[in-house]
$ cat my_file_6.txt   # compact mmCIF, C-alpha atoms and all ligand atoms
# COMPACT_ATOMS: atom_id res chain seq x y z
CA MET A 1 54.58 -13.68 43.59
CA PRO A 2 53.80 -16.39 41.04
CA MET A 3 54.94 -15.95 37.40
CA SER A 4 57.46 -13.10 37.07
CA GLN A 5 56.68 -9.88 35.22
CA ALA A 6 59.63 -10.60 32.91
CA PHE A 7 58.14 -13.96 31.88
CA LYS A 8 54.74 -12.30 31.34
CA ASP A 9 56.36 -9.65 29.17
CA ARG A 10 58.06 -12.31 27.09
CA LEU A 11 54.97 -14.50 26.75
CA PHE A 12 51.70 -12.63 26.89
CA PRO A 13 52.10 -10.42 23.78
CA HIS A 14 52.62 -13.60 21.71
CA LEU A 15 50.24 -15.95 23.44
CA GLU A 16 47.31 -15.66 21.00
CA ASN A 17 49.71 -16.36 18.18
CA ILE A 18 51.32 -19.34 19.96
CA ALA A 19 47.90 -20.78 20.86
CA ALA A 20 46.70 -20.40 17.29
CA HIS A 21 49.82 -22.08 15.93
CA TYR A 22 50.12 -25.02 18.34
CA GLY A 23 46.56 -25.34 19.63
CA THR A 24 45.69 -25.58 23.32
CA PRO A 25 46.33 -26.81 25.94
CA PHE A 26 50.12 -26.72 26.46
CA HIS A 27 52.72 -26.18 29.11
CA ILE A 28 55.27 -23.60 28.05
CA TYR A 29 58.65 -23.15 29.76
CA ASP A 30 60.78 -20.03 29.80
CA GLU A 31 64.44 -20.62 28.95
CA ALA A 32 65.54 -17.12 30.03
CA GLY A 33 63.88 -17.54 33.42
CA ILE A 34 65.37 -20.99 34.00
CA ARG A 35 68.83 -19.68 33.11
CA ALA A 36 68.41 -16.67 35.42
CA THR A 37 67.50 -18.93 38.35
CA GLY A 38 70.43 -21.23 37.54
CA GLN A 39 72.80 -18.28 37.63
CA GLN A 40 71.26 -16.97 40.85
CA VAL A 41 71.82 -20.36 42.52
CA LYS A 42 75.42 -20.54 41.30
CA ASP A 43 76.10 -17.00 42.52
CA ALA A 44 74.58 -17.70 45.94
CA PHE A 45 77.04 -20.54 46.60
CA ALA A 46 80.05 -19.19 44.70
CA GLY A 47 82.00 -18.78 47.97
CA ILE A 48 82.07 -22.54 48.60
CA PRO A 49 85.10 -24.13 46.89
CA VAL A 50 82.97 -26.76 45.11
CA PHE A 51 79.23 -26.36 44.63
CA ARG A 52 76.99 -28.23 42.22
CA GLU A 53 73.27 -28.40 41.62
CA TYR A 54 71.96 -31.82 40.59
CA TYR A 55 68.63 -31.03 38.96
CA ALA A 56 65.89 -33.35 40.24
CA VAL A 57 64.83 -34.92 36.95
CA LYS A 58 61.40 -35.98 38.18
CA ALA A 59 60.30 -32.34 38.35
CA LEU A 60 60.45 -31.83 34.56
CA PRO A 61 61.91 -34.79 32.70
CA ASN A 62 62.08 -33.21 29.27
CA PRO A 63 65.35 -33.58 27.30
CA SER A 64 65.27 -29.96 26.11
CA VAL A 65 65.07 -28.70 29.68
CA LEU A 66 67.71 -31.20 30.85
CA ALA A 67 69.96 -29.82 28.10
CA LEU A 68 69.66 -26.35 29.64
CA MET A 69 70.67 -27.74 33.03
CA GLN A 70 73.66 -29.44 31.47
CA ASP A 71 74.64 -26.28 29.66
CA MET A 72 74.70 -24.50 33.03
CA GLY A 73 77.07 -27.17 34.39
CA PHE A 74 74.51 -28.93 36.55
CA GLY A 75 74.28 -32.65 37.22
CA PHE A 76 71.12 -34.71 37.61
CA ASP A 77 69.37 -36.39 40.49
CA CYS A 78 67.58 -39.54 39.32
CA SER A 79 65.49 -42.02 41.22
CA SER A 80 64.33 -44.47 38.58
CA VAL A 81 65.78 -46.44 35.69
CA PRO A 82 64.07 -44.41 32.93
CA GLU A 83 65.36 -41.21 34.56
CA LEU A 84 68.88 -42.66 34.43
CA MET A 85 68.34 -43.53 30.76
CA LEU A 86 67.10 -40.03 30.02
CA THR A 87 70.07 -38.27 31.58
CA ARG A 88 72.59 -40.64 29.96
CA GLN A 89 70.99 -40.07 26.56
CA GLN A 90 71.58 -36.44 27.34
CA GLY A 91 75.29 -37.20 27.70
CA ALA A 92 75.52 -37.12 31.51
CA LYS A 93 78.06 -39.59 32.86
CA GLY A 94 79.45 -40.95 36.10
CA GLU A 95 79.54 -38.31 38.79
CA ASP A 96 77.21 -36.02 36.81
CA ILE A 97 74.44 -38.30 38.05
CA MET A 98 73.27 -38.91 41.57
CA PHE A 99 71.02 -41.96 41.90
CA THR A 100 68.75 -41.61 44.91
CA SER A 101 66.45 -44.59 44.76
CA ASN A 102 64.44 -45.94 47.65
CA ASN A 103 63.20 -49.51 48.03
CA THR A 104 65.94 -50.23 45.50
CA SER A 105 65.71 -53.29 43.24
CA GLN A 106 68.44 -55.35 41.59
CA THR A 107 67.38 -53.83 38.26
CA ASP A 108 68.02 -50.38 39.75
CA PHE A 109 71.49 -51.46 40.92
CA ALA A 110 72.37 -52.97 37.55
CA MET A 111 71.32 -49.84 35.69
CA ALA A 112 73.08 -47.56 38.20
CA ALA A 113 76.36 -49.41 37.57
CA ALA A 114 75.95 -49.53 33.76
CA ASP A 115 77.34 -47.01 31.26
CA GLY A 116 80.01 -45.47 33.46
CA GLY A 117 77.98 -45.65 36.66
CA CYS A 118 76.84 -42.74 38.81
CA ILE A 119 77.01 -41.57 42.40
CA LEU A 120 75.08 -44.24 44.23
CA ASN A 121 73.07 -42.88 47.16
CA LEU A 122 71.93 -45.80 49.31
CA ASP A 123 68.69 -45.56 51.22
CA ASP A 124 69.32 -48.34 53.75
CA ILE A 125 72.10 -50.21 55.53
CA SER A 126 70.78 -53.57 54.27
CA LEU A 127 71.46 -52.50 50.68
CA ILE A 128 75.25 -52.63 51.25
CA ASP A 129 75.11 -56.41 50.94
CA LYS A 130 72.80 -56.21 47.94
CA VAL A 131 74.90 -53.94 45.73
CA PRO A 132 76.36 -56.35 43.17
CA SER A 133 79.69 -54.52 43.40
CA MET A 134 80.54 -51.74 45.84
CA PRO A 135 81.52 -48.61 43.93
CA GLU A 136 84.55 -46.61 45.00
CA LEU A 137 82.35 -43.58 45.78
CA ILE A 138 79.34 -44.20 48.00
CA CYS A 139 76.74 -41.98 49.63
CA PHE A 140 74.02 -42.66 52.18
CA ARG A 141 70.75 -40.86 52.65
CA TYR A 142 70.50 -39.92 56.30
CA ASN A 143 67.24 -39.87 58.26
CA PRO A 144 67.83 -38.00 61.53
CA GLY A 145 64.67 -39.34 63.21
CA ASN A 146 63.82 -37.28 66.26
CA ARG A 147 66.99 -35.20 65.93
CA ARG A 148 65.40 -32.93 63.36
CA THR A 149 61.87 -32.28 62.25
CA GLY A 150 60.80 -32.35 58.65
CA ASN A 151 58.74 -29.47 57.32
CA ASP A 152 54.96 -29.72 57.11
CA ILE A 153 54.92 -31.32 53.70
CA ILE A 154 57.53 -33.99 54.31
CA GLY A 155 56.26 -34.74 57.84
CA LYS A 156 58.17 -36.25 60.71
CA PRO A 157 61.43 -37.95 59.69
CA ILE A 158 60.64 -40.70 62.19
CA GLU A 159 57.58 -41.60 60.13
CA ALA A 160 59.29 -41.24 56.76
CA LYS A 161 60.29 -44.31 54.76
CA TYR A 162 63.51 -42.68 53.60
CA GLY A 163 67.08 -42.99 54.69
CA VAL A 164 69.42 -44.63 57.18
CA SER A 165 68.65 -44.03 60.86
CA HIS A 166 70.95 -42.14 63.18
CA GLU A 167 71.78 -45.35 65.05
CA GLN A 168 72.82 -47.10 61.82
CA ILE A 169 74.67 -44.37 59.99
CA ALA A 170 78.21 -44.97 61.36
CA GLU A 171 77.89 -48.71 60.85
CA ALA A 172 76.70 -48.11 57.28
CA TYR A 173 79.90 -46.26 56.34
CA ARG A 174 82.05 -48.78 58.23
CA LYS A 175 80.47 -51.64 56.29
CA ALA A 176 80.74 -49.84 52.98
CA LYS A 177 84.41 -49.12 53.69
CA SER A 178 85.08 -52.76 54.55
CA ARG A 179 83.43 -53.75 51.26
CA GLY A 180 85.82 -51.53 49.34
CA ALA A 181 84.34 -48.02 49.25
CA LYS A 182 87.09 -45.39 49.35
CA ARG A 183 85.26 -42.11 48.77
CA PHE A 184 82.24 -40.90 50.71
CA GLY A 185 79.32 -38.51 50.56
CA LEU A 186 76.39 -37.79 52.88
CA HIS A 187 72.87 -36.89 51.80
CA THR A 188 69.56 -35.96 53.35
CA MET A 189 66.25 -34.46 52.25
CA LEU A 190 64.00 -33.05 54.95
CA ALA A 191 61.81 -30.45 53.32
CA SER A 192 59.48 -29.91 50.42
CA ASN A 193 58.38 -26.56 49.05
CA GLU A 194 59.99 -24.82 52.04
CA LEU A 195 60.09 -21.02 51.79
CA ASN A 196 62.04 -20.46 55.01
CA TYR A 197 65.69 -20.65 54.01
CA SER A 198 66.83 -21.14 57.64
CA TYR A 199 65.53 -24.64 57.33
CA MET A 200 68.11 -25.44 54.67
CA VAL A 201 70.87 -23.78 56.69
CA GLN A 202 70.00 -26.01 59.66
CA THR A 203 70.14 -29.04 57.38
CA ALA A 204 73.61 -28.08 56.12
CA ALA A 205 74.77 -27.51 59.72
CA MET A 206 73.45 -30.91 60.78
CA LEU A 207 75.23 -32.69 57.92
CA LEU A 208 78.52 -30.87 58.51
CA GLU A 209 78.39 -31.84 62.18
CA LEU A 210 77.77 -35.46 61.24
CA VAL A 211 80.59 -35.42 58.70
CA GLU A 212 82.92 -34.23 61.43
CA THR A 213 81.98 -36.90 63.99
CA LEU A 214 81.74 -39.74 61.45
CA GLY A 215 85.00 -38.69 59.87
CA LYS A 216 86.85 -38.92 63.17
CA GLU A 217 85.12 -42.10 64.30
CA LEU A 218 85.77 -43.96 61.04
CA ASP A 219 88.91 -42.23 59.86
CA ILE A 220 87.39 -41.13 56.57
CA THR A 221 86.90 -37.77 54.88
CA PHE A 222 83.70 -36.83 53.13
CA GLU A 223 83.94 -35.44 49.61
CA PHE A 224 80.51 -33.88 49.67
CA ILE A 225 77.33 -33.26 51.57
CA ASN A 226 74.05 -33.09 49.63
CA ILE A 227 71.27 -31.13 51.34
CA GLY A 228 68.61 -32.45 48.97
CA GLY A 229 65.91 -30.47 47.23
CA GLY A 230 62.81 -28.96 48.76
CA LEU A 231 63.45 -25.26 48.20
CA GLY A 232 60.06 -23.63 47.89
CA ILE A 233 58.52 -21.22 45.43
CA PRO A 234 55.72 -18.73 46.16
CA TYR A 235 52.58 -20.12 44.57
CA GLN A 236 50.38 -17.56 46.34
CA PRO A 237 50.43 -13.93 45.17
CA ASP A 238 51.15 -12.68 48.70
CA ALA A 239 53.92 -15.19 49.52
CA ASP A 240 57.53 -14.04 49.70
CA PRO A 241 60.15 -15.92 47.72
CA LEU A 242 62.83 -17.96 49.47
CA ASN A 243 65.85 -15.78 50.18
CA ILE A 244 68.50 -17.71 48.25
CA GLU A 245 71.15 -15.03 48.76
CA ALA A 246 70.81 -15.23 52.57
CA MET A 247 70.74 -19.02 52.40
CA GLY A 248 73.91 -19.02 50.32
CA LYS A 249 75.65 -16.57 52.62
CA GLU A 250 74.89 -18.50 55.81
CA ILE A 251 75.73 -21.90 54.36
CA THR A 252 78.96 -20.52 52.91
CA GLU A 253 79.92 -19.28 56.39
CA LEU A 254 79.30 -22.77 57.78
CA PHE A 255 81.54 -24.30 55.12
CA LEU A 256 84.34 -21.80 55.56
CA SER A 257 84.40 -22.26 59.31
CA PHE A 258 84.33 -26.05 58.84
CA LYS A 259 87.34 -25.69 56.55
CA GLU A 260 89.18 -23.59 59.09
CA GLN A 261 88.59 -26.10 61.88
CA GLN A 262 88.95 -29.36 59.95
CA GLY A 263 91.53 -28.39 57.39
CA TYR A 264 89.47 -29.51 54.43
CA CYS A 265 86.15 -28.58 52.86
CA PRO A 266 83.62 -30.99 51.40
CA ALA A 267 81.73 -29.97 48.27
CA LEU A 268 78.12 -28.82 48.60
CA TYR A 269 75.57 -30.51 46.40
CA MET A 270 71.93 -29.58 46.15
CA GLU A 271 69.20 -31.29 44.14
CA SER A 272 66.42 -28.82 43.62
CA GLY A 273 63.65 -29.47 41.18
CA ARG A 274 60.82 -27.09 41.99
CA TYR A 275 63.04 -24.09 42.67
CA MET A 276 64.87 -24.42 39.35
CA THR A 277 61.92 -24.71 36.97
CA GLY A 278 58.65 -24.36 38.90
CA PRO A 279 58.05 -20.63 38.35
CA HIS A 280 59.28 -20.82 34.75
CA GLY A 281 56.41 -22.83 33.35
CA VAL A 282 52.71 -22.18 32.82
CA LEU A 283 49.81 -24.25 31.57
CA VAL A 284 47.84 -22.43 28.90
CA THR A 285 44.30 -23.65 28.40
CA LYS A 286 41.21 -22.32 26.64
CA ALA A 287 37.77 -21.78 28.16
CA ILE A 288 35.36 -23.97 26.15
CA ASN A 289 32.24 -24.07 28.32
CA ARG A 290 30.41 -22.13 30.96
CA LYS A 291 27.87 -23.69 33.22
CA GLU A 292 25.60 -22.00 35.74
CA ILE A 293 24.10 -24.37 38.33
CA TYR A 294 24.55 -23.95 42.08
CA ARG A 295 27.91 -22.42 41.25
CA THR A 296 29.42 -21.06 38.07
CA TYR A 297 31.78 -23.45 36.34
CA VAL A 298 34.24 -22.48 33.65
CA GLY A 299 35.20 -25.57 31.68
CA VAL A 300 38.66 -25.49 30.08
CA ASP A 301 40.32 -27.77 27.54
CA ALA A 302 42.95 -29.07 29.99
CA CYS A 303 42.19 -31.35 32.92
CA MET A 304 44.00 -33.13 35.77
CA SER A 305 46.02 -35.14 33.25
CA ALA A 306 48.00 -31.92 32.65
CA LEU A 307 48.33 -30.80 36.27
CA MET A 308 47.51 -32.91 39.30
CA ARG A 309 48.57 -30.66 42.13
CA PRO A 310 45.27 -28.79 42.66
CA GLY A 311 43.24 -32.01 42.58
CA VAL A 312 45.61 -34.11 44.66
CA TYR A 313 46.91 -31.63 47.24
CA GLY A 314 44.41 -28.81 46.94
CA ALA A 315 47.44 -26.78 45.76
CA TYR A 316 46.93 -23.18 44.69
CA HIS A 317 48.02 -22.23 41.17
CA HIS A 318 47.52 -18.60 40.30
CA ILE A 319 45.45 -17.93 37.17
CA ASP A 320 45.54 -15.00 34.77
CA VAL A 321 43.04 -14.57 31.96
CA LEU A 322 44.72 -13.11 28.89
CA GLY A 323 43.67 -9.53 28.17
CA LYS A 324 41.22 -9.36 31.07
CA GLU A 325 43.40 -7.78 33.79
CA GLY A 326 41.63 -5.15 35.84
CA GLY A 327 38.18 -5.77 34.39
CA GLU A 328 34.95 -7.06 35.91
CA THR A 329 35.35 -10.14 38.16
CA GLU A 330 33.24 -13.09 39.25
CA VAL A 331 33.61 -16.13 41.52
CA VAL A 332 33.96 -19.41 39.62
CA ASP A 333 35.27 -22.96 39.71
CA VAL A 334 37.66 -23.70 36.86
CA VAL A 335 37.24 -27.32 35.86
CA GLY A 336 38.51 -29.99 33.46
CA SER A 337 36.60 -32.82 31.82
CA LEU A 338 37.63 -35.77 33.98
CA CYS A 339 34.90 -37.79 35.73
CA GLU A 340 36.28 -36.86 39.15
CA ASN A 341 34.91 -33.98 41.15
CA ASN A 342 38.41 -33.00 42.27
CA ASP A 343 39.29 -32.22 38.64
CA LYS A 344 39.26 -28.51 39.45
CA PHE A 345 42.07 -26.03 38.85
CA ALA A 346 40.41 -23.43 41.07
CA VAL A 347 37.56 -23.54 43.54
CA GLU A 348 35.41 -20.48 44.29
CA ARG A 349 38.14 -18.24 42.89
CA THR A 350 37.60 -14.59 42.08
CA LEU A 351 38.71 -14.21 38.46
CA PRO A 352 38.10 -11.79 35.63
CA LYS A 353 34.83 -12.58 33.89
CA ILE A 354 35.68 -15.40 31.48
CA ASP A 355 34.12 -15.87 28.05
CA GLU A 356 34.37 -18.94 25.88
CA GLY A 357 37.56 -18.76 23.85
CA ASP A 358 39.52 -16.90 26.54
CA LEU A 359 43.02 -18.15 27.32
CA LEU A 360 43.73 -18.99 30.95
CA ILE A 361 47.31 -19.04 32.21
CA LEU A 362 47.79 -21.43 35.13
CA GLN A 363 51.07 -20.49 36.74
CA ASP A 364 54.02 -22.26 38.34
CA THR A 365 53.63 -25.51 36.41
CA GLY A 366 57.32 -25.84 35.53
CA ALA A 367 57.96 -28.52 38.16
CA HIS A 368 55.86 -31.52 39.18
CA GLY A 369 53.32 -30.37 36.57
CA HIS A 370 53.26 -32.26 33.28
CA ALA A 371 55.46 -34.93 34.86
CA MET A 372 52.85 -35.83 37.46
CA GLY A 373 50.05 -36.06 34.91
CA PHE A 374 48.22 -39.35 34.53
CA ASN A 375 45.99 -41.15 32.08
CA TYR A 376 43.02 -42.00 34.26
CA ASN A 377 39.75 -41.76 32.36
CA ALA A 378 41.85 -42.04 29.17
CA LYS A 379 42.70 -38.37 29.31
CA MET A 380 45.76 -37.49 27.25
CA ARG A 381 48.64 -35.41 28.51
CA PRO A 382 49.20 -32.14 26.66
CA GLN A 383 52.15 -30.93 24.60
CA GLU A 384 55.11 -29.05 26.05
CA LEU A 385 56.65 -25.98 24.43
CA LEU A 386 59.86 -24.08 25.11
CA LEU A 387 60.03 -20.31 24.85
CA GLY A 388 63.63 -19.94 23.75
CA ALA A 389 65.84 -17.15 25.03
CA GLU A 390 66.26 -16.01 21.41
CA GLY A 391 62.53 -15.49 20.92
CA THR A 392 61.45 -18.77 19.33
CA VAL A 393 58.83 -21.24 20.48
CA SER A 394 59.61 -24.93 19.97
CA LEU A 395 57.58 -28.03 20.49
CA ILE A 396 59.55 -30.17 22.96
CA ARG A 397 56.97 -32.90 23.56
CA ARG A 398 53.93 -33.67 21.45
CA GLU A 399 50.47 -34.22 22.84
CA GLU A 400 49.62 -37.82 23.68
CA THR A 401 47.33 -39.67 21.32
CA PRO A 402 44.91 -42.55 21.79
CA GLU A 403 47.51 -44.68 19.96
CA ASP A 404 49.95 -43.99 22.81
CA TYR A 405 47.27 -45.01 25.26
CA PHE A 406 46.61 -48.26 23.38
CA ALA A 407 50.31 -49.06 22.91
CA THR A 408 50.46 -51.38 25.91
CA LEU A 409 47.63 -53.45 24.48
CA THR A 410 49.92 -54.69 21.73
CA PHE A 411 51.90 -57.60 23.13
CA GLU A 412 52.89 -61.19 22.61
CA GLU A 413 50.20 -63.48 23.89
CA LYS A 414 51.05 -65.17 27.18
CA VAL A 415 48.85 -67.71 28.89
CA LEU A 416 49.77 -69.83 31.88
CA SER A 417 47.82 -73.10 32.03
CA LEU A 418 47.06 -74.12 35.60
C1 LIG A 501 61.70 -34.96 44.72
C2 LIG A 501 63.11 -34.96 45.13
C3 LIG A 501 63.91 -33.82 44.94
C4 LIG A 501 63.38 -32.53 44.38
O1 LIG A 501 62.46 -31.95 45.20
P1 LIG A 501 61.98 -30.43 44.93
O2 LIG A 501 60.97 -30.22 46.00
O3 LIG A 501 61.39 -30.43 43.56
O4 LIG A 501 63.17 -29.58 45.05
C5 LIG A 501 65.24 -33.91 45.28
N1 LIG A 501 65.77 -35.04 45.80
C6 LIG A 501 65.04 -36.15 46.01
C7 LIG A 501 65.68 -37.34 46.58
C8 LIG A 501 63.68 -36.15 45.69
O5 LIG A 501 62.96 -37.25 45.90

$ encode --input "my_file_6.txt" --output "structure tokens" --more "lines below"
Ligand SMILES: *Cc1c(COP(=O)(O)O)cnc(C)c1O
Amino acid sequence: MPMSQAFKDRLFPHLENIAAHYGTPFHIYDEAGIRATGQQVKDAFAGIPVFREYYAVKALPNPSVLALMQDMGFGFDCSSVPELMLTRQQGAKGEDIMFTSNNTSQTDFAMAAADGGCILNLDDISLIDKVPSMPELICFRYNPGNRRTGNDIIGKPIEAKYGVSHEQIAEAYRKAKSRGAKRFGLHTMLASNELNYSYMVQTAAMLLELVETLGKELDITFEFINIGGGLGIPYQPDADPLNIEAMGKEITELFLSFKEQQGYCPALYMESGRYMTGPHGVLVTKAINRKEIYRTYVGVDACMSALMRPGVYGAYHHIDVLGKEGGETEVVDVVGSLCENNDKFAVERTLPKIDEGDLLILQDTGAHGHAMGFNYNAKMRPQELLLGAEGTVSLIRREETPEDYFATLTFEEKVLSL
């Protein structure tokens, strides 16, 4: 099931009004829904002595949404310098932030260490000698190679550019320890948009096993394991949601039996993006044209700049047409205005018959939606709104303007004479 009935009930009766007030297109996010998912995640892992979600900032890097995460007690997973800046401006500090860069630069290291630092998650053994100063707490991203498969989206770990190999992982901690690290964590990320929760249980089991063997071999204890993000959401109307309660129950059992056998219990960290906000956002766009050639095309006022997933991955985003449920249907392509034939939100989709002026609700855009938008063809990214839990709608990012697009053309002249 895409967008929940509760979100529809909160949004649809007011949508004409919101569209008239703010203009279209816009992404709108549902505070009540985000908070409900946050609570559900906390409840699922409440049996583990220490659990924390580190929201994957790249999914929806808007300060107002990050503030909600912080209010729920969550940390942040960052993988670039501006993401670090964003979370620190939000007031996150030190171990509230996990920095999971890959192909890490010296600029990344400098920024990671600045302003009270963060949990540094190193992507390769060679980086140990490149960290300007080894922090007390260090984490490595583990790539199990042939020992585990990735899911379909992430592919085979052996072909993935991420992480420290199985052969190098013990040496990585040994080296980090000899350079002064005293506290340790272990991270991996092997799935993306995975709906089968067993996959995440297997990941937790694999990391706990590794923590046990590495701990004995190197005489260290691990403060946490981080099973990454990758929890899926049902984009298709007939897909079942991931069973977070069962996932929580089985992972909690693994932790409690680890504690019984080892005498201590690491914390569990998770860094979900999509699962936390994906279903709690929609892109609202207006039909502005209709074109009948070999197919019927409904042209809307948003394009790929607002949502790349259908064009890039052929991803399905469910569409409702406001006020047209249960009426006459037709098969159409829903398209934007970009000069790219993959600028389509839906291809040969059966939808209610759409008239110019109708509002279309493209669902599940709360993660990797606006954030993935681009400016190709000088298309501007749309505004973002927040539907507050108290029944207000606030602008939380304005629409881009041509002035924003031209901003990088204002610079100090630089010419190198050869
Ligand atoms: C993208 C990413 C995430 C979040 O992934 P979701 O599929 O949105 O949960 C978490 N951790 C890392 C390291 C990532 O790159």

$ residues_near_ligand --input "my_file_6.txt" --ligand "ligand LIG 501 (chain A)" --cutoff "7 Å" --atoms "only C-alpha atoms and all ligand atoms" --output "ChimeraX atom specification"
/A:56,58-59,77,100,189,192-193,228-232,271-275,367

$ residues_around --input "my_file_6.txt" --residues "Ile244 in chain A" --least-positions-apart "5" --cutoff "12 Å" --atoms "all atoms listed in the file" --output "PyMOL selection string"
chain A and resi 37-45+194-201+231-233+249-252+275-276

$ write_last_selection --input "my_file_6.txt" --atoms "C-alpha atoms" --output "PDB file, keeping the file's coordinate frame"
ATOM      1  CA  THR A  37      67.500 -18.930  38.350  1.00  0.00           C
ATOM      2  CA  GLY A  38      70.430 -21.230  37.540  1.00  0.00           C
ATOM      3  CA  GLN A  39      72.800 -18.280  37.630  1.00  0.00           C
ATOM      4  CA  GLN A  40      71.260 -16.970  40.850  1.00  0.00           C
ATOM      5  CA  VAL A  41      71.820 -20.360  42.520  1.00  0.00           C
ATOM      6  CA  LYS A  42      75.420 -20.540  41.300  1.00  0.00           C
ATOM      7  CA  ASP A  43      76.100 -17.000  42.520  1.00  0.00           C
ATOM      8  CA  ALA A  44      74.580 -17.700  45.940  1.00  0.00           C
ATOM      9  CA  PHE A  45      77.040 -20.540  46.600  1.00  0.00           C
ATOM     10  CA  GLU A 194      59.990 -24.820  52.040  1.00  0.00           C
ATOM     11  CA  LEU A 195      60.090 -21.020  51.790  1.00  0.00           C
ATOM     12  CA  ASN A 196      62.040 -20.460  55.010  1.00  0.00           C
ATOM     13  CA  TYR A 197      65.690 -20.650  54.010  1.00  0.00           C
ATOM     14  CA  SER A 198      66.830 -21.140  57.640  1.00  0.00           C
ATOM     15  CA  TYR A 199      65.530 -24.640  57.330  1.00  0.00           C
ATOM     16  CA  MET A 200      68.110 -25.440  54.670  1.00  0.00           C
ATOM     17  CA  VAL A 201      70.870 -23.780  56.690  1.00  0.00           C
ATOM     18  CA  LEU A 231      63.450 -25.260  48.200  1.00  0.00           C
ATOM     19  CA  GLY A 232      60.060 -23.630  47.890  1.00  0.00           C
ATOM     20  CA  ILE A 233      58.520 -21.220  45.430  1.00  0.00           C
ATOM     21  CA  LYS A 249      75.650 -16.570  52.620  1.00  0.00           C
ATOM     22  CA  GLU A 250      74.890 -18.500  55.810  1.00  0.00           C
ATOM     23  CA  ILE A 251      75.730 -21.900  54.360  1.00  0.00           C
ATOM     24  CA  THR A 252      78.960 -20.520  52.910  1.00  0.00           C
ATOM     25  CA  TYR A 275      63.040 -24.090  42.670  1.00  0.00           C
ATOM     26  CA  MET A 276      64.870 -24.420  39.350  1.00  0.00           C
TER      27      MET A 276
END

$ residues_around --input "my_file_6.txt" --residues "range 346-352 of chain A" --least-positions-apart "5" --cutoff "8 Å" --atoms "all atoms listed in the file" --output "MDAnalysis selection string"
chainID A and resid 310 316:317 319:321 324:335

$ atom_distance --input "my_file_6.txt" --atom1 "CA of Gly215 in chain A" --atom2 "CA of Phe51 in chain A"
20.4 Å

$ atom_distance --input "my_file_6.txt" --atom1 "CA of Asp96 in chain A" --atom2 "CA of Ile220 in chain A"
22.8 Å

$ atom_distance --input "my_file_6.txt" --atom1 "CA of Gly116 in chain A" --atom2 "CA of Glu95 in chain A"
8.9 Å

$ closest_residue --input "my_file_6.txt" --among "A:Pro144, A:Pro61, A:Gly278, A:Gly73" --to "Gln168 in chain A" --atoms "only C-alpha atoms"
A:Pro144

$ residues_around --input "my_file_6.txt" --residues "Asn17 in chain A" --least-positions-apart "6" --cutoff "12 Å" --atoms "all atoms listed in the file" --output "short mmCIF file (atom, residue, chain, number, x, y, z; two decimals) with C-alpha atoms, in the frame of the given file"
data_model
loop_
_atom_site.label_atom_id
_atom_site.label_comp_id
_atom_site.auth_asym_id
_atom_site.auth_seq_id
_atom_site.Cartn_x
_atom_site.Cartn_y
_atom_site.Cartn_z
CA LEU A 11 54.97 -14.50 26.75
CA GLY A 23 46.56 -25.34 19.63
CA THR A 24 45.69 -25.58 23.32
CA LEU A 359 43.02 -18.15 27.32
CA VAL A 393 58.83 -21.24 20.48
#

$ residues_around --input "my_file_6.txt" --residues "Asn102 in chain A" --least-positions-apart "6" --cutoff "8 Å" --atoms "all atoms listed in the file" --output "list of chain:residue names"
A:Ser79, A:Leu122, A:Asp123, A:Tyr162

$ closest_residue --input "my_file_6.txt" --among "A:Thr365, A:Thr410, A:Ser417, A:Asn103" --to "Tyr235 in chain A" --atoms "only C-alpha atoms"
A:Thr365

$ closest_residue --input "my_file_6.txt" --among "A:Met372, A:Ala113, A:Met3, A:Leu283" --to "Met134 in chain A" --atoms "all atoms listed in the file"
A:Ala113

$ closest_atom_pairs --input "my_file_6.txt" --of "range 42-121 of chain A" --to "range 254-269 of chain A" --cutoff "6 Å" --atoms "all atoms listed in the file" --output "Markdown table"
| residue | atom | partner | partner_atom | distance |
| --- | --- | --- | --- | --- |
| A:Val50 | CA | A:Ala267 | CA | 4.7 |
| A:Phe51 | CA | A:Leu268 | CA | 4.8 |
| A:Arg52 | CA | A:Tyr269 | CA | 5.0 |
| A:Glu53 | CA | A:Tyr269 | CA | 5.7 |

$ write_last_selection --input "my_file_6.txt" --atoms "C-alpha atoms" --output "mmCIF file, in the coordinates of the input"
data_model
loop_
_atom_site.group_PDB
_atom_site.id
_atom_site.type_symbol
_atom_site.label_atom_id
_atom_site.label_comp_id
_atom_site.auth_asym_id
_atom_site.auth_seq_id
_atom_site.Cartn_x
_atom_site.Cartn_y
_atom_site.Cartn_z
ATOM 1 C CA VAL A 50 82.970 -26.760 45.110
ATOM 2 C CA PHE A 51 79.230 -26.360 44.630
ATOM 3 C CA ARG A 52 76.990 -28.230 42.220
ATOM 4 C CA GLU A 53 73.270 -28.400 41.620
#

$ closest_residue --input "my_file_6.txt" --among "A:Leu207, A:Ala371, A:Ile361, A:Leu386" --to "Glu83 in chain A" --atoms "all atoms listed in the file"
A:Ala371
